[in-house]
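Structure file target_17.pdb with PDB, N, CA, C and O atoms:
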ATOM      1  N   MET A  25       0.850  -1.163   0.000
ATOM      2  CA  MET A  25       0.000   0.000   0.000
ATOM      3  C   MET A  25       0.902   1.234   0.000
ATOM      4  O   MET A  25       1.775   1.355   0.823
ATOM      5  N   THR A  26       0.677   2.144  -0.918
ATOM      6  CA  THR A  26       1.526   3.322  -0.992
ATOM      7  C   THR A  26       0.822   4.521  -0.386
ATOM      8  O   THR A  26      -0.398   4.554  -0.293
ATOM      9  N   ASN A  27       1.609   5.521   0.004
ATOM     10  CA  ASN A  27       1.026   6.737   0.555
ATOM     11  C   ASN A  27       0.209   7.485  -0.480
ATOM     12  O   ASN A  27      -0.745   8.161  -0.147
ATOM     13  N   ALA A  28       0.560   7.369  -1.750
ATOM     14  CA  ALA A  28      -0.176   8.061  -2.799
ATOM     15  C   ALA A  28      -1.628   7.603  -2.828
ATOM     16  O   ALA A  28      -2.534   8.401  -3.017
ATOM     17  N   VAL A  29      -1.853   6.330  -2.640
ATOM     18  CA  VAL A  29      -3.211   5.799  -2.646
ATOM     19  C   VAL A  29      -3.982   6.317  -1.444
ATOM     20  O   VAL A  29      -5.107   6.761  -1.556
ATOM     21  N   LEU A  30      -3.354   6.281  -0.263
ATOM     22  CA  LEU A  30      -4.039   6.692   0.946
ATOM     23  C   LEU A  30      -4.167   8.208   1.072
ATOM     24  O   LEU A  30      -5.020   8.680   1.789
ATOM     25  N   ALA A  31      -3.335   8.962   0.366
ATOM     26  CA  ALA A  31      -3.396  10.415   0.474
ATOM     27  C   ALA A  31      -4.630  10.968  -0.225
ATOM     28  O   ALA A  31      -5.084  12.059   0.081
ATOM     29  N   GLU A  32      -5.196  10.220  -1.176
ATOM     30  CA  GLU A  32      -6.393  10.668  -1.868
ATOM     31  C   GLU A  32      -7.591  10.510  -0.941
ATOM     32  O   GLU A  32      -7.617   9.658  -0.070
ATOM     33  N   ARG A  33      -8.620  11.365  -1.148
ATOM     34  CA  ARG A  33      -9.831  11.241  -0.356
ATOM     35  C   ARG A  33     -10.468   9.908  -0.710
ATOM     36  O   ARG A  33     -10.629   9.564  -1.860
ATOM     37  N   ILE A  34     -10.820   9.140   0.298
ATOM     38  CA  ILE A  34     -11.361   7.810   0.085
ATOM     39  C   ILE A  34     -12.881   7.912  -0.008
ATOM     40  O   ILE A  34     -13.537   8.333   0.943
ATOM     41  N   PRO A  35     -13.453   7.532  -1.173
ATOM     42  CA  PRO A  35     -14.917   7.585  -1.291
ATOM     43  C   PRO A  35     -15.551   6.496  -0.444
ATOM     44  O   PRO A  35     -14.880   5.540  -0.041
ATOM     45  N   TYR A  36     -16.839   6.639  -0.205
ATOM     46  CA  TYR A  36     -17.548   5.615   0.564
ATOM     47  C   TYR A  36     -17.407   4.288  -0.162
ATOM     48  O   TYR A  36     -17.655   4.182  -1.352
ATOM     49  N   SER A  37     -16.959   3.304   0.543
ATOM     50  CA  SER A  37     -16.760   1.988  -0.047
ATOM     51  C   SER A  37     -18.088   1.315  -0.336
ATOM     52  O   SER A  37     -19.047   1.471   0.406
ATOM     53  N   ARG A  38     -18.116   0.563  -1.423
ATOM     54  CA  ARG A  38     -19.342  -0.154  -1.767
ATOM     55  C   ARG A  38     -19.573  -1.271  -0.753
ATOM     56  O   ARG A  38     -18.630  -1.886  -0.277
ATOM     57  N   PRO A  39     -20.824  -1.538  -0.433
ATOM     58  CA  PRO A  39     -21.102  -2.594   0.534
ATOM     59  C   PRO A  39     -20.788  -3.966  -0.045
ATOM     60  O   PRO A  39     -20.762  -4.149  -1.255
ATOM     61  N   PHE A  40     -20.516  -4.920   0.805
ATOM     62  CA  PHE A  40     -20.299  -6.284   0.355
ATOM     63  C   PHE A  40     -21.098  -7.211   1.239
ATOM     64  O   PHE A  40     -21.388  -6.889   2.385
ATOM     65  N   PRO A  41     -21.498  -8.354   0.709
ATOM     66  CA  PRO A  41     -22.311  -9.264   1.515
ATOM     67  C   PRO A  41     -21.532  -9.794   2.708
ATOM     68  O   PRO A  41     -20.337 -10.034   2.614
ATOM     69  N   THR A  42     -22.212  -9.961   3.813
ATOM     70  CA  THR A  42     -21.570 -10.494   5.017
ATOM     71  C   THR A  42     -22.227 -11.810   5.393
ATOM     72  O   THR A  42     -23.394 -12.046   5.083
ATOM     73  N   ALA A  43     -21.491 -12.647   6.064
ATOM     74  CA  ALA A  43     -22.019 -13.938   6.477
ATOM     75  C   ALA A  43     -23.016 -13.784   7.624
ATOM     76  O   ALA A  43     -23.950 -14.540   7.744
ATOM     77  N   GLY A  44     -22.796 -12.797   8.470
ATOM     78  CA  GLY A  44     -23.673 -12.579   9.618
ATOM     79  C   GLY A  44     -24.340 -11.220   9.530
ATOM     80  O   GLY A  44     -24.289 -10.546   8.512
ATOM     81  N   SER A  45     -24.962 -10.825  10.603
ATOM     82  CA  SER A  45     -25.609  -9.524  10.627
ATOM     83  C   SER A  45     -24.562  -8.422  10.751
ATOM     84  O   SER A  45     -23.421  -8.666  11.126
ATOM     85  N   ASP A  46     -24.962  -7.195  10.416
ATOM     86  CA  ASP A  46     -24.038  -6.065  10.516
ATOM     87  C   ASP A  46     -23.621  -5.799  11.956
ATOM     88  O   ASP A  46     -22.600  -5.176  12.201
ATOM     89  N   SER A  47     -24.409  -6.269  12.919
ATOM     90  CA  SER A  47     -24.066  -6.016  14.319
ATOM     91  C   SER A  47     -23.083  -7.057  14.856
ATOM     92  O   SER A  47     -22.597  -6.930  15.967
ATOM     93  N   GLU A  48     -22.797  -8.085  14.064
ATOM     94  CA  GLU A  48     -21.856  -9.120  14.504
ATOM     95  C   GLU A  48     -20.432  -8.626  14.262
ATOM     96  O   GLU A  48     -20.056  -8.321  13.143
ATOM     97  N   VAL A  49     -19.659  -8.501  15.310
ATOM     98  CA  VAL A  49     -18.280  -8.037  15.183
ATOM     99  C   VAL A  49     -17.340  -9.017  15.871
ATOM    100  O   VAL A  49     -17.731  -9.745  16.779
ATOM    101  N   VAL A  50     -16.114  -9.023  15.415
ATOM    102  CA  VAL A  50     -15.084  -9.873  15.984
ATOM    103  C   VAL A  50     -13.877  -8.994  16.258
ATOM    104  O   VAL A  50     -13.477  -8.197  15.407
ATOM    105  N   GLU A  51     -13.322  -9.112  17.437
ATOM    106  CA  GLU A  51     -12.117  -8.360  17.766
ATOM    107  C   GLU A  51     -10.909  -9.121  17.243
ATOM    108  O   GLU A  51     -10.785 -10.329  17.444
ATOM    109  N   MET A  52     -10.033  -8.381  16.548
ATOM    110  CA  MET A  52      -8.841  -8.996  15.981
ATOM    111  C   MET A  52      -7.624  -8.192  16.422
ATOM    112  O   MET A  52      -7.372  -7.114  15.897
ATOM    113  N   PRO A  53      -6.894  -8.694  17.396
ATOM    114  CA  PRO A  53      -5.695  -7.975  17.842
ATOM    115  C   PRO A  53      -4.688  -7.851  16.699
ATOM    116  O   PRO A  53      -4.509  -8.791  15.917
ATOM    117  N   LEU A  54      -4.064  -6.705  16.607
ATOM    118  CA  LEU A  54      -3.113  -6.455  15.531
ATOM    119  C   LEU A  54      -1.976  -5.597  16.075
ATOM    120  O   LEU A  54      -2.207  -4.537  16.652
ATOM    121  N   LEU A  55      -0.767  -6.064  15.897
ATOM    122  CA  LEU A  55       0.406  -5.301  16.326
ATOM    123  C   LEU A  55       1.011  -4.621  15.099
ATOM    124  O   LEU A  55       1.245  -5.263  14.078
ATOM    125  N   LEU A  56       1.232  -3.318  15.207
ATOM    126  CA  LEU A  56       1.817  -2.533  14.122
ATOM    127  C   LEU A  56       2.967  -1.705  14.667
ATOM    128  O   LEU A  56       2.931  -1.266  15.818
ATOM    129  N   PRO A  57       3.948  -1.425  13.825
ATOM    130  CA  PRO A  57       4.995  -0.497  14.257
ATOM    131  C   PRO A  57       4.386   0.899  14.461
ATOM    132  O   PRO A  57       3.413   1.268  13.795
ATOM    133  N   ARG A  58       4.954   1.649  15.390
ATOM    134  CA  ARG A  58       4.426   2.965  15.716
ATOM    135  C   ARG A  58       4.299   3.857  14.482
ATOM    136  O   ARG A  58       3.307   4.560  14.312
ATOM    137  N   TRP A  59       5.272   3.820  13.557
ATOM    138  CA  TRP A  59       5.217   4.701  12.384
ATOM    139  C   TRP A  59       3.992   4.397  11.521
ATOM    140  O   TRP A  59       3.399   5.302  10.936
ATOM    141  N   GLN A  60       3.567   3.121  11.464
ATOM    142  CA  GLN A  60       2.375   2.786  10.686
ATOM    143  C   GLN A  60       1.115   3.301  11.368
ATOM    144  O   GLN A  60       0.199   3.787  10.699
ATOM    145  N   VAL A  61       1.055   3.222  12.676
ATOM    146  CA  VAL A  61      -0.091   3.741  13.415
ATOM    147  C   VAL A  61      -0.193   5.254  13.230
ATOM    148  O   VAL A  61      -1.274   5.789  12.970
ATOM    149  N   VAL A  62       0.924   5.944  13.335
ATOM    150  CA  VAL A  62       0.943   7.401  13.148
ATOM    151  C   VAL A  62       0.472   7.751  11.735
ATOM    152  O   VAL A  62      -0.344   8.654  11.536
ATOM    153  N   ALA A  63       0.964   7.005  10.735
ATOM    154  CA  ALA A  63       0.572   7.254   9.338
ATOM    155  C   ALA A  63      -0.917   6.971   9.128
ATOM    156  O   ALA A  63      -1.612   7.739   8.447
ATOM    157  N   LEU A  64      -1.427   5.892   9.701
ATOM    158  CA  LEU A  64      -2.853   5.576   9.582
ATOM    159  C   LEU A  64      -3.717   6.648  10.229
ATOM    160  O   LEU A  64      -4.730   7.071   9.655
ATOM    161  N   GLU A  65      -3.332   7.097  11.421
ATOM    162  CA  GLU A  65      -4.099   8.139  12.105
ATOM    163  C   GLU A  65      -4.115   9.429  11.301
ATOM    164  O   GLU A  65      -5.162  10.075  11.169
ATOM    165  N   ALA A  66      -2.973   9.814  10.758
ATOM    166  CA  ALA A  66      -2.890  11.052   9.969
ATOM    167  C   ALA A  66      -3.728  10.947   8.697
ATOM    168  O   ALA A  66      -4.458  11.885   8.336
ATOM    169  N   THR A  67      -3.650   9.815   8.022
ATOM    170  CA  THR A  67      -4.414   9.625   6.791
ATOM    171  C   THR A  67      -5.908   9.612   7.082
ATOM    172  O   THR A  67      -6.693  10.219   6.351
ATOM    173  N   ALA A  68      -6.301   8.950   8.145
ATOM    174  CA  ALA A  68      -7.712   8.916   8.526
ATOM    175  C   ALA A  68      -8.205  10.338   8.809
ATOM    176  O   ALA A  68      -9.258  10.752   8.309
ATOM    177  N   ARG A  69      -7.441  11.088   9.575
ATOM    178  CA  ARG A  69      -7.825  12.462   9.920
ATOM    179  C   ARG A  69      -7.972  13.310   8.662
ATOM    180  O   ARG A  69      -8.926  14.079   8.525
ATOM    181  N   GLN A  70      -7.045  13.168   7.714
ATOM    182  CA  GLN A  70      -7.106  13.933   6.460
ATOM    183  C   GLN A  70      -8.364  13.613   5.665
ATOM    184  O   GLN A  70      -8.850  14.443   4.902
ATOM    185  N   ASN A  71      -8.880  12.414   5.828
ATOM    186  CA  ASN A  71     -10.061  11.981   5.094
ATOM    187  C   ASN A  71     -11.342  12.085   5.911
ATOM    188  O   ASN A  71     -12.387  11.596   5.496
ATOM    189  N   GLY A  72     -11.251  12.698   7.085
ATOM    190  CA  GLY A  72     -12.432  12.881   7.926
ATOM    191  C   GLY A  72     -12.963  11.577   8.506
ATOM    192  O   GLY A  72     -14.165  11.437   8.713
ATOM    193  N   LEU A  73     -12.070  10.626   8.746
ATOM    194  CA  LEU A  73     -12.448   9.318   9.258
ATOM    195  C   LEU A  73     -11.723   9.034  10.559
ATOM    196  O   LEU A  73     -10.713   9.654  10.863
ATOM    197  N   THR A  74     -12.231   8.060  11.296
ATOM    198  CA  THR A  74     -11.462   7.539  12.409
ATOM    199  C   THR A  74     -10.485   6.512  11.835
ATOM    200  O   THR A  74     -10.648   6.043  10.700
ATOM    201  N   THR A  75      -9.500   6.136  12.613
ATOM    202  CA  THR A  75      -8.544   5.125  12.159
ATOM    203  C   THR A  75      -9.264   3.806  11.887
ATOM    204  O   THR A  75      -8.992   3.132  10.893
ATOM    205  N   GLY A  76     -10.197   3.441  12.739
ATOM    206  CA  GLY A  76     -10.967   2.214  12.548
ATOM    207  C   GLY A  76     -11.771   2.238  11.253
ATOM    208  O   GLY A  76     -11.823   1.246  10.521
ATOM    209  N   GLN A  77     -12.412   3.394  10.965
ATOM    210  CA  GLN A  77     -13.180   3.512   9.724
ATOM    211  C   GLN A  77     -12.266   3.346   8.508
ATOM    212  O   GLN A  77     -12.624   2.665   7.544
ATOM    213  N   LEU A  78     -11.102   3.967   8.553
ATOM    214  CA  LEU A  78     -10.161   3.862   7.441
ATOM    215  C   LEU A  78      -9.738   2.416   7.227
ATOM    216  O   LEU A  78      -9.761   1.906   6.100
ATOM    217  N   ILE A  79      -9.375   1.738   8.295
ATOM    218  CA  ILE A  79      -8.927   0.352   8.178
ATOM    219  C   ILE A  79     -10.052  -0.527   7.637
ATOM    220  O   ILE A  79      -9.837  -1.365   6.750
ATOM    221  N   ARG A  80     -11.287  -0.335   8.143
ATOM    222  CA  ARG A  80     -12.415  -1.137   7.649
ATOM    223  C   ARG A  80     -12.679  -0.873   6.176
ATOM    224  O   ARG A  80     -12.971  -1.798   5.409
ATOM    225  N   ARG A  81     -12.559   0.374   5.728
ATOM    226  CA  ARG A  81     -12.775   0.690   4.308
ATOM    227  C   ARG A  81     -11.697   0.085   3.422
ATOM    228  O   ARG A  81     -11.983  -0.414   2.340
ATOM    229  N   VAL A  82     -10.453   0.132   3.885
ATOM    230  CA  VAL A  82      -9.367  -0.483   3.106
ATOM    231  C   VAL A  82      -9.609  -1.986   2.995
ATOM    232  O   VAL A  82      -9.518  -2.558   1.898
ATOM    233  N   ILE A  83      -9.957  -2.626   4.097
ATOM    234  CA  ILE A  83     -10.245  -4.066   4.071
ATOM    235  C   ILE A  83     -11.432  -4.345   3.162
ATOM    236  O   ILE A  83     -11.409  -5.275   2.349
ATOM    237  N   ASN A  84     -12.478  -3.537   3.284
ATOM    238  CA  ASN A  84     -13.670  -3.693   2.449
ATOM    239  C   ASN A  84     -13.306  -3.610   0.964
ATOM    240  O   ASN A  84     -13.751  -4.430   0.156
ATOM    241  N   ASP A  85     -12.492  -2.633   0.600
ATOM    242  CA  ASP A  85     -12.086  -2.474  -0.799
ATOM    243  C   ASP A  85     -11.274  -3.664  -1.285
ATOM    244  O   ASP A  85     -11.463  -4.149  -2.394
ATOM    245  N   ILE A  86     -10.376  -4.166  -0.451
ATOM    246  CA  ILE A  86      -9.558  -5.320  -0.833
ATOM    247  C   ILE A  86     -10.438  -6.552  -1.012
ATOM    248  O   ILE A  86     -10.313  -7.277  -1.997
ATOM    249  N   VAL A  87     -11.347  -6.792  -0.078
ATOM    250  CA  VAL A  87     -12.228  -7.943  -0.169
ATOM    251  C   VAL A  87     -13.138  -7.816  -1.385
ATOM    252  O   VAL A  87     -13.342  -8.782  -2.120
ATOM    253  N   SER A  88     -13.671  -6.629  -1.638
ATOM    254  CA  SER A  88     -14.532  -6.412  -2.799
ATOM    255  C   SER A  88     -13.782  -6.629  -4.091
ATOM    256  O   SER A  88     -14.292  -7.237  -5.027
ATOM    257  N   ASP A  89     -12.535  -6.128  -4.185
ATOM    258  CA  ASP A  89     -11.714  -6.320  -5.380
ATOM    259  C   ASP A  89     -11.406  -7.787  -5.593
ATOM    260  O   ASP A  89     -11.443  -8.290  -6.711
ATOM    261  N   THR A  90     -11.110  -8.513  -4.531
ATOM    262  CA  THR A  90     -10.808  -9.932  -4.627
ATOM    263  C   THR A  90     -12.036 -10.706  -5.095
ATOM    264  O   THR A  90     -11.932 -11.575  -5.946
ATOM    265  N   ASP A  91     -13.210 -10.358  -4.553
ATOM    266  CA  ASP A  91     -14.446 -11.023  -4.966
ATOM    267  C   ASP A  91     -14.730 -10.785  -6.443
ATOM    268  O   ASP A  91     -15.114 -11.698  -7.153
ATOM    269  N   SER A  92     -14.523  -9.563  -6.934
ATOM    270  CA  SER A  92     -14.803  -9.263  -8.335
ATOM    271  C   SER A  92     -13.793  -9.926  -9.262
ATOM    272  O   SER A  92     -14.115 -10.244 -10.405
ATOM    273  N   ASP A  93     -12.572 -10.173  -8.792
ATOM    274  CA  ASP A  93     -11.566 -10.854  -9.605
ATOM    275  C   ASP A  93     -11.931 -12.313  -9.845
ATOM    276  O   ASP A  93     -11.531 -12.895 -10.851
ATOM    277  N   HIS A  94     -12.676 -12.902  -8.926
ATOM    278  CA  HIS A  94     -13.012 -14.319  -9.030
ATOM    279  C   HIS A  94     -14.334 -14.564  -9.761
ATOM    280  O   HIS A  94     -14.773 -15.679  -9.870
ATOM    281  N   ARG A  95     -14.955 -13.514 -10.240
ATOM    282  CA  ARG A  95     -16.251 -13.679 -10.952
ATOM    283  C   ARG A  95     -16.026 -13.867 -12.408
ATOM    284  O   ARG A  95     -15.119 -13.576 -13.024
TER     285      ARG A  95
END

Hey, can you dump this file as structure tokens for me?
Amino acid sequence: MTNAVLAERIPYSRPFPTAGSDSEVVEMPLLLPRWQVVALEATARQNGLTTGQLIRRVINDIVSDTDSDHR
């Protein structure tokens, strides 16, 4: 993932089908180097998002792209 991609304003990600309800969540511990956390927070702030929203949108886009590649 490059900074050029994340520096652009991220449009609302398209929804994707989920196995469970939207209220079903799973906690996934993740260890990141401090510089990545700082970069994620700054990018999220620039896009008017929380860090969690940014990460979920990036994951959503990756999963959506992967699903469309297999069709």

Padded axis-aligned box of range 56-74 of chain A (6 Å per side), centre and edge lengths, Å, one decimal, as JSON:
{"center_x": -4.4, "center_y": 5.6, "center_z": 10.4, "size_x": 31.4, "size_y": 29.8, "size_z": 22.9}

Item to check | Between atom N of Arg80 in chain A and atom C of Ala68 in chain A, distance in Å (one decimal) | outcome: 11.1 Å

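Using only C-alpha atoms for every distance, the candidate list A:Val82, A:Leu55, A:Val49, A:Val87 yields A:Val82 as the residue closest to Thr67 in chain A.
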
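In this structure, atom C of Gln77 in chain A sits 13.9 Å away from atom N of Ala63 in chain A.
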
Checklist entry - Which value, in Å to one decimal, gives the distance between CA of Gly72 in chain A and CA of Leu56 in chain A? => result 21.9 Å
